[in-house]
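Shown here: upload.txt, compact mmCIF, C-alpha atoms.
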```txt
# COMPACT_ATOMS: atom_id res chain seq x y z
CA MET A 10 37.53 -40.26 25.02
CA CYS A 11 36.61 -43.25 27.09
CA ASN A 12 32.85 -42.79 26.89
CA GLN A 13 32.69 -39.97 29.43
CA ARG A 14 34.05 -36.51 28.74
CA VAL A 15 33.04 -33.88 31.25
CA PRO A 16 35.27 -30.78 31.39
CA LEU A 17 34.60 -28.48 34.30
CA SER A 18 37.52 -26.43 35.53
CA GLY A 19 38.44 -23.39 33.50
CA PHE A 20 34.88 -22.51 32.43
CA PRO A 21 33.28 -19.35 33.84
CA ILE A 22 30.23 -21.18 35.20
CA PHE A 23 32.34 -23.47 37.38
CA ALA A 24 35.11 -21.04 38.26
CA SER A 25 33.79 -19.87 41.63
CA VAL A 26 32.98 -23.42 42.76
CA CYS A 27 36.07 -25.20 41.50
CA SER A 28 38.50 -22.54 42.69
CA ARG A 29 37.73 -23.47 46.30
CA LEU A 30 38.15 -27.20 45.87
CA LYS A 31 41.43 -28.85 46.77
CA PRO A 32 42.89 -31.04 43.98
CA ASN A 33 42.17 -34.27 45.85
CA ASP A 34 38.63 -33.19 46.69
CA TYR A 35 38.05 -32.18 43.09
CA SER A 36 39.20 -35.51 41.69
CA SER A 37 37.13 -37.45 44.20
CA ILE A 38 33.97 -35.42 43.64
CA VAL A 39 34.23 -35.62 39.87
CA SER A 40 35.10 -39.31 39.87
CA LEU A 41 32.18 -40.23 42.10
CA SER A 42 29.57 -37.98 40.49
CA VAL A 43 30.43 -38.61 36.86
CA GLY A 44 30.95 -42.35 36.86
CA ALA A 45 28.23 -44.88 37.40
CA ALA A 46 25.22 -43.15 35.84
CA GLY A 47 26.95 -42.44 32.53
CA VAL A 48 28.38 -45.96 32.22
CA LEU A 49 25.08 -47.67 33.06
CA VAL A 50 23.16 -45.59 30.53
CA GLY A 51 25.74 -45.62 27.76
CA HIS A 52 27.29 -49.08 27.89
CA PRO A 53 24.60 -50.94 25.90
CA PHE A 54 25.08 -48.46 23.04
CA ASP A 55 28.84 -48.96 23.27
CA THR A 56 28.43 -52.74 23.06
CA VAL A 57 26.35 -52.36 19.90
CA LYS A 58 28.93 -49.95 18.47
CA VAL A 59 31.80 -52.37 19.00
CA ARG A 60 29.86 -55.35 17.62
CA LEU A 61 29.05 -53.41 14.44
CA GLN A 62 32.60 -52.10 14.06
CA VAL A 63 34.26 -55.50 14.38
CA GLN A 64 31.81 -57.93 12.76
CA ASN A 65 32.94 -59.94 9.75
CA ALA A 66 32.01 -58.07 6.56
CA ASP A 67 31.72 -61.29 4.57
CA LYS A 68 29.30 -62.89 7.05
CA PRO A 69 27.75 -60.03 9.04
CA LEU A 70 25.73 -60.99 12.10
CA TYR A 71 23.87 -57.67 12.31
CA ARG A 72 22.10 -55.58 9.67
CA GLY A 73 22.21 -52.35 11.64
CA THR A 74 21.94 -50.69 15.06
CA PHE A 75 18.38 -51.76 15.89
CA HIS A 76 18.89 -55.31 14.62
CA CYS A 77 22.05 -55.58 16.70
CA PHE A 78 20.15 -54.54 19.84
CA GLN A 79 17.43 -57.06 19.08
CA SER A 80 19.87 -59.90 18.37
CA ILE A 81 21.92 -59.37 21.52
CA ILE A 82 18.84 -59.29 23.75
CA ARG A 83 17.31 -62.33 22.03
CA GLN A 84 20.47 -64.45 22.04
CA GLU A 85 22.28 -63.24 25.17
CA SER A 86 19.53 -61.53 27.23
CA VAL A 87 19.66 -57.90 28.36
CA PHE A 88 22.84 -58.68 30.29
CA GLY A 89 24.57 -59.23 26.95
CA LEU A 90 24.41 -55.48 26.41
CA TYR A 91 26.41 -54.98 29.60
CA LYS A 92 29.31 -57.28 28.76
CA GLY A 93 32.62 -55.65 29.64
CA ILE A 94 31.07 -53.03 31.93
CA GLY A 95 33.47 -53.97 34.73
CA SER A 96 36.41 -52.47 32.87
CA PRO A 97 35.10 -48.89 32.50
CA ILE A 98 33.74 -49.00 36.06
CA MET A 99 37.19 -49.98 37.39
CA GLY A 100 39.10 -47.46 35.29
CA LEU A 101 36.73 -44.51 35.50
CA THR A 102 37.99 -43.08 38.80
CA PHE A 103 41.59 -43.07 37.58
CA ILE A 104 40.67 -41.62 34.20
CA ASN A 105 38.54 -38.82 35.64
CA ALA A 106 41.20 -37.97 38.23
CA ILE A 107 43.84 -37.75 35.49
CA VAL A 108 41.67 -35.81 33.04
CA PHE A 109 40.39 -33.18 35.48
CA GLY A 110 43.71 -32.83 37.27
CA VAL A 111 45.74 -32.42 34.06
CA GLN A 112 43.14 -30.15 32.43
CA GLY A 113 42.91 -27.87 35.47
CA ASN A 114 46.68 -27.67 35.96
CA THR A 115 47.26 -27.04 32.25
CA MET A 116 44.71 -24.22 32.25
CA ARG A 117 46.42 -22.65 35.28
CA TRP A 118 49.80 -23.00 33.57
CA LEU A 119 48.49 -21.42 30.36
CA GLY A 120 47.11 -18.60 32.48
CA GLU A 121 44.21 -17.43 30.33
CA ASP A 122 40.77 -18.94 29.81
CA THR A 123 40.45 -18.87 26.01
CA PRO A 124 39.00 -21.35 23.49
CA ARG A 125 42.52 -22.07 22.22
CA ASN A 126 43.75 -22.89 25.71
CA GLN A 127 40.70 -25.04 26.36
CA PHE A 128 41.61 -27.11 23.31
CA LEU A 129 45.26 -27.42 24.37
CA ALA A 130 44.36 -28.33 27.96
CA GLY A 131 41.83 -30.90 26.78
CA ALA A 132 44.25 -32.42 24.28
CA THR A 133 46.95 -32.70 26.96
CA ALA A 134 44.55 -34.39 29.36
CA GLY A 135 43.36 -36.75 26.63
CA ALA A 136 46.90 -37.78 25.74
CA ILE A 137 47.98 -38.52 29.31
CA GLN A 138 44.90 -40.53 30.31
CA THR A 139 45.51 -42.85 27.36
CA VAL A 140 47.84 -44.86 29.62
CA VAL A 141 44.80 -46.01 31.63
CA CYS A 142 42.20 -45.79 28.87
CA CYS A 143 43.88 -48.18 26.42
CA PRO A 144 44.06 -51.31 28.63
CA MET A 145 40.59 -50.53 29.96
CA GLU A 146 39.11 -50.39 26.47
CA LEU A 147 41.04 -53.48 25.41
CA ALA A 148 39.38 -55.52 28.17
CA LYS A 149 36.01 -53.92 27.44
CA THR A 150 36.22 -54.72 23.73
CA ARG A 151 37.29 -58.33 24.30
CA MET A 152 34.49 -58.88 26.82
CA GLN A 153 31.90 -57.28 24.53
CA MET A 154 32.89 -59.51 21.63
CA GLN A 155 33.09 -62.87 23.39
CA GLY A 156 30.10 -65.17 23.12
CA THR A 157 28.98 -63.85 19.73
CA GLY A 158 29.45 -67.31 18.23
CA VAL A 159 32.22 -69.88 17.85
CA LYS A 160 32.35 -69.37 14.09
CA THR A 161 33.31 -65.74 14.55
CA GLY A 162 36.29 -66.66 16.74
CA TYR A 163 34.84 -64.81 19.73
CA LYS A 164 33.73 -67.69 21.94
CA LYS A 165 33.73 -67.14 25.70
CA MET A 166 37.30 -66.96 26.98
CA TYR A 167 37.30 -64.59 29.95
CA LYS A 168 35.43 -64.62 33.27
CA ASN A 169 35.53 -60.84 33.71
CA SER A 170 37.52 -57.75 32.74
CA PHE A 171 40.27 -58.35 35.29
CA ASP A 172 40.66 -61.97 34.17
CA CYS A 173 40.81 -60.74 30.59
CA LEU A 174 43.73 -58.38 31.27
CA LEU A 175 45.47 -61.01 33.39
CA ARG A 176 45.27 -63.61 30.62
CA ILE A 177 46.44 -61.14 27.97
CA TYR A 178 49.40 -60.14 30.15
CA LYS A 179 50.27 -63.79 30.81
CA HIS A 180 50.39 -64.66 27.11
CA GLU A 181 51.53 -61.39 25.53
CA GLY A 182 53.10 -59.30 28.28
CA LEU A 183 52.82 -55.52 28.55
CA ARG A 184 52.75 -55.18 24.79
CA GLY A 185 49.58 -57.23 24.65
CA VAL A 186 47.91 -55.26 27.45
CA ASN A 187 48.71 -52.05 25.58
CA ARG A 188 47.44 -53.28 22.20
CA GLY A 189 45.93 -50.31 20.36
CA MET A 190 47.86 -47.70 22.36
CA VAL A 191 48.89 -45.68 19.30
CA THR A 192 45.37 -45.54 17.86
CA THR A 193 43.95 -44.71 21.29
CA LEU A 194 46.45 -41.85 21.60
CA VAL A 195 45.62 -40.59 18.10
CA ARG A 196 41.92 -40.74 18.96
CA GLU A 197 41.98 -39.30 22.48
CA THR A 198 44.32 -36.33 22.03
CA PRO A 199 42.31 -34.33 19.46
CA ALA A 200 38.99 -35.75 20.73
CA PHE A 201 39.35 -34.27 24.21
CA GLY A 202 40.61 -31.02 22.69
CA VAL A 203 37.56 -30.75 20.43
CA TYR A 204 35.29 -31.73 23.30
CA PHE A 205 36.59 -29.08 25.71
CA LEU A 206 36.63 -26.48 22.94
CA SER A 207 33.07 -27.27 21.82
CA TYR A 208 31.72 -27.11 25.33
CA ASP A 209 33.52 -23.85 26.03
CA LEU A 210 32.18 -22.18 22.87
CA LEU A 211 28.63 -23.45 23.47
CA THR A 212 28.46 -22.41 27.13
CA ARG A 213 29.82 -18.97 26.26
CA SER A 214 27.37 -18.46 23.40
CA LEU A 215 24.42 -19.70 25.48
CA GLY A 216 25.31 -17.49 28.43
CA CYS A 217 25.72 -20.28 30.98
CA GLU A 218 26.43 -18.15 34.03
CA PRO A 219 25.59 -19.49 37.53
CA ASP A 220 22.57 -17.20 37.84
CA ALA A 221 21.32 -17.61 34.25
CA ARG A 222 17.74 -18.60 33.57
CA PHE A 223 17.21 -22.08 32.13
CA LEU A 224 20.75 -23.01 33.15
CA ILE A 225 20.11 -26.76 33.27
CA PRO A 226 18.57 -27.01 29.76
CA LYS A 227 21.48 -24.96 28.44
CA LEU A 228 24.02 -27.25 30.10
CA LEU A 229 22.21 -30.33 28.82
CA PHE A 230 22.32 -29.01 25.26
CA ALA A 231 25.95 -27.84 25.46
CA GLY A 232 27.17 -31.10 26.97
CA GLY A 233 25.23 -33.26 24.54
CA MET A 234 26.36 -31.36 21.46
CA ALA A 235 29.98 -31.29 22.65
CA GLY A 236 29.89 -35.07 22.96
CA VAL A 237 28.38 -35.51 19.50
CA THR A 238 30.89 -33.11 17.90
CA SER A 239 33.86 -34.83 19.48
CA TRP A 240 32.76 -38.31 18.41
CA VAL A 241 32.03 -37.28 14.82
CA CYS A 242 35.52 -35.79 14.51
CA ASN A 243 37.40 -38.84 15.77
CA TYR A 244 35.12 -41.76 14.87
CA PRO A 245 37.16 -43.26 11.98
CA VAL A 246 40.11 -43.74 14.34
CA ASP A 247 37.82 -45.43 16.86
CA VAL A 248 36.77 -48.01 14.25
CA ILE A 249 40.41 -48.94 13.60
CA LYS A 250 41.17 -49.03 17.33
CA SER A 251 38.30 -51.44 17.99
CA ARG A 252 39.38 -53.74 15.16
CA LEU A 253 42.98 -53.85 16.34
CA GLN A 254 41.99 -54.55 19.95
CA ALA A 255 39.56 -57.30 18.95
CA ASP A 256 42.12 -58.83 16.60
CA GLY A 257 43.91 -61.95 17.78
CA VAL A 258 41.07 -63.39 19.84
CA GLY A 259 41.15 -67.16 19.46
CA GLY A 260 44.73 -67.02 18.18
CA VAL A 261 43.86 -65.64 14.73
CA ASN A 262 45.50 -62.33 13.75
CA GLN A 263 44.07 -60.50 10.77
CA TYR A 264 46.12 -57.31 10.85
CA SER A 265 49.87 -56.82 11.01
CA SER A 266 49.77 -53.08 11.70
CA ILE A 267 47.56 -49.97 11.81
CA ALA A 268 48.20 -49.33 8.11
CA ASP A 269 47.35 -52.93 7.25
CA CYS A 270 44.09 -52.70 9.22
CA ILE A 271 43.10 -49.53 7.35
CA ARG A 272 44.09 -51.02 3.99
CA GLN A 273 42.19 -54.27 4.49
CA SER A 274 39.12 -52.54 5.91
CA VAL A 275 38.84 -50.09 3.02
CA ARG A 276 39.53 -52.74 0.38
CA LYS A 277 36.79 -55.07 1.68
CA GLU A 278 34.16 -52.56 2.78
CA GLY A 279 34.96 -49.20 1.21
CA TYR A 280 35.30 -45.90 3.04
CA MET A 281 31.89 -46.32 4.64
CA VAL A 282 33.58 -48.77 7.01
CA PHE A 283 34.59 -45.73 9.05
CA THR A 284 30.95 -45.05 9.89
CA ARG A 285 30.25 -48.55 11.25
CA GLY A 286 28.34 -48.20 14.53
CA LEU A 287 28.17 -44.40 14.33
CA THR A 288 24.40 -44.27 14.86
CA SER A 289 24.69 -46.15 18.14
CA THR A 290 27.55 -43.91 19.23
CA LEU A 291 25.64 -40.68 18.60
CA LEU A 292 22.51 -42.05 20.27
CA ARG A 293 24.66 -42.62 23.33
CA ALA A 294 26.80 -39.49 23.12
CA PHE A 295 24.10 -36.84 23.46
CA PRO A 296 22.09 -38.10 26.46
CA VAL A 297 25.09 -39.44 28.39
CA ASN A 298 27.15 -36.28 28.08
CA ALA A 299 24.13 -34.02 28.56
CA ALA A 300 23.01 -35.84 31.72
CA THR A 301 26.54 -35.98 33.11
CA PHE A 302 27.07 -32.23 32.81
CA ALA A 303 23.84 -31.46 34.64
CA THR A 304 24.59 -34.05 37.34
CA VAL A 305 28.10 -32.75 38.00
CA THR A 306 26.96 -29.10 38.06
CA LEU A 307 24.17 -29.74 40.56
CA PHE A 308 26.45 -31.91 42.68
CA LEU A 309 29.12 -29.22 42.87
CA MET A 310 26.51 -26.62 43.75
CA TYR A 311 25.14 -28.86 46.49
CA VAL A 312 28.60 -29.54 47.92
CA GLN A 313 29.40 -25.84 48.10
CA GLY A 314 25.97 -24.92 49.48
CA GLU A 315 25.59 -22.27 46.81
CA ASP A 316 22.23 -20.70 46.10
CA ARG A 317 22.30 -20.12 42.36
CA GLY A 318 18.81 -18.71 42.10
CA PRO A 319 16.10 -19.95 39.73
CA LEU A 320 17.23 -22.41 37.09
```

Before anything else, please render the file you have as structure tokens.
Amino acid sequence: MCNQRVPLSGFPIFASVCSRLKPNDYSSIVSLSVGAAGVLVGHPFDTVKVRLQVQNADKPLYRGTFHCFQSIIRQESVFGLYKGIGSPIMGLTFINAIVFGVQGNTMRWLGEDTPRNQFLAGATAGAIQTVVCCPMELAKTRMQMQGTGVKTGYKKMYKNSFDCLLRIYKHEGLRGVNRGMVTTLVRETPAFGVYFLSYDLLTRSLGCEPDARFLIPKLLFAGGMAGVTSWVCNYPVDVIKSRLQADGVGGVNQYSSIADCIRQSVRKEGYMVFTRGLTSTLLRAFPVNAATFATVTLFLMYVQGEDRGPL
């Protein structure tokens, strides 16, 4: 669930287009069409989300989503909202190639296009892409947190996302680069399943056939709601993942394990800690996923030269 989730193959609306694409072409088209726009639009919201999730509860820097936006722009300029963007940009092509390839192959192996199979195919894709997603999000989180103040322990340490991963590997090895792998796996596996399932059910109920009237508004709504549903279902795990990946910056480790992170977080902040940054996440989830679905659909139609009729 690395910010973008855009299932295509296996759904009736994309069947005729996708069936004629070779695997390599499909991965390339999806990777290129999905990537930059979604990251550019959604990254500032993601930065705010991470800042709110990880900030010190005893001495909070931000009072809420809007105040966090204001503070970052005032103290770090607009570019502060785009800290860590290099990591998702670098990893996006690999992630999309893995997700769409695994999802499509799993659907073909399962043999029948049903909601249950959409969930299973999505969950499988989510689990496998974790190998790339975890290090990518580790670098993103560290970059987003640095420069928030020396007192917080997040002073500037890394030049860019690549330098961040290189330094982590140098000091902590592969284990350090894969910090948060278990929580990422626990988050991504059901999240992608829910996302693919939600989109499938919504497109079926809305009648999203290639020649349907108001196809684009329907796709926008289905994609946006699928993104929101998926994030709501897995958000508590995302909070723990962010805290574990941000932990240890400046040489200070707060948590000894996943269980310890959960225990300390709940003891200090109550169960509402699992909603930290949720507003920012949902504000990002709907427009980014909605826009991405429409973009990918139109791009595939253009590539195939299909005349779908009035939209």

Of the residues A:Tyr91, A:Val237, A:Gly110, A:Pro219, which is the one nearest to Val50 of chain A, using all atoms listed in the file? A:Tyr91

Would you list the residues near (24.0, -34.9, 24.6), meaning any protein, DNA or RNA residue with an atom at most 12 Å from that point in file coordinates, counting all atoms listed in the file, as a ChimeraX atom specification? /A:13-15,47,51,204,208,226-240,290-303

I'd like the interatomic distance between atom CA of Val108 of chain A and atom CA of Asn187 of chain A, to a tenth of an Å. 19.2 Å

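Straight-line separation from atom CA of Leu174 of chain A to atom CA of Phe54 of chain A: 22.7 Å.
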
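The coordinates place atom CA of Leu253 of chain A at 9.2 Å from atom CA of Ser265 of chain A.
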
Under the rule that only C-alpha atoms are counted, which of A:Ser96, A:Ser170, A:Gln62, A:Ser80 is the nearest residue to Tyr244 of chain A? A:Gln62

Can you tell me which residues surround Arg252 of chain A at a distance of at most 10 Å, considering only C-alpha atoms, apart from same-chain residues fewer than 5 positions away, and format the answer as a list in words? Val59, Arg60, Gln62, Val63, Gln64, Thr150, Gly189, Asp247, Gly257, Gln263, Tyr264, Ile267, Cys270, Ile271 and Ser274 of chain A

Contacts of Gly135 of chain A at 8 Å or less, counting only C-alpha atoms, minus same-chain residues fewer than 2 places along, as a ChimeraX atom specification? /A:10,108,131-133,137-139,194,197-202

Store the residues picked out above in a file with C-alpha atoms, as a short mmCIF file (atom, residue, chain, number, x, y, z; two decimals), keeping the file's coordinate frame.
```cif
data_model
loop_
_atom_site.label_atom_id
_atom_site.label_comp_id
_atom_site.auth_asym_id
_atom_site.auth_seq_id
_atom_site.Cartn_x
_atom_site.Cartn_y
_atom_site.Cartn_z
CA MET A 10 37.53 -40.26 25.02
CA VAL A 108 41.67 -35.81 33.04
CA GLY A 131 41.83 -30.90 26.78
CA ALA A 132 44.25 -32.42 24.28
CA THR A 133 46.95 -32.70 26.96
CA ILE A 137 47.98 -38.52 29.31
CA GLN A 138 44.90 -40.53 30.31
CA THR A 139 45.51 -42.85 27.36
CA LEU A 194 46.45 -41.85 21.60
CA GLU A 197 41.98 -39.30 22.48
CA THR A 198 44.32 -36.33 22.03
CA PRO A 199 42.31 -34.33 19.46
CA ALA A 200 38.99 -35.75 20.73
CA PHE A 201 39.35 -34.27 24.21
CA GLY A 202 40.61 -31.02 22.69
#
```

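The nearest approach to Phe128 of chain A among the residues A:Leu101, A:Val203, A:Ser251, A:Glu146, with all atoms listed in the file taken into account, belongs to A:Val203.
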
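Between Gly95 of chain A and the candidates A:Phe171, A:Tyr178, A:Phe205, A:Tyr280, the tightest atom-to-atom separation, counting all atoms listed in the file, involves A:Phe171.
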
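Between Val282 of chain A and the residues A:Val258, A:Met154, A:Leu210, A:Leu61, the shortest atom-to-atom distance, using all atoms listed in the file, involves A:Leu61.
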
A:Lys92, A:Arg222, A:Arg125, A:Arg213 ranked by distance to Asp55 of chain A, top pick (using all atoms listed in the file): A:Lys92
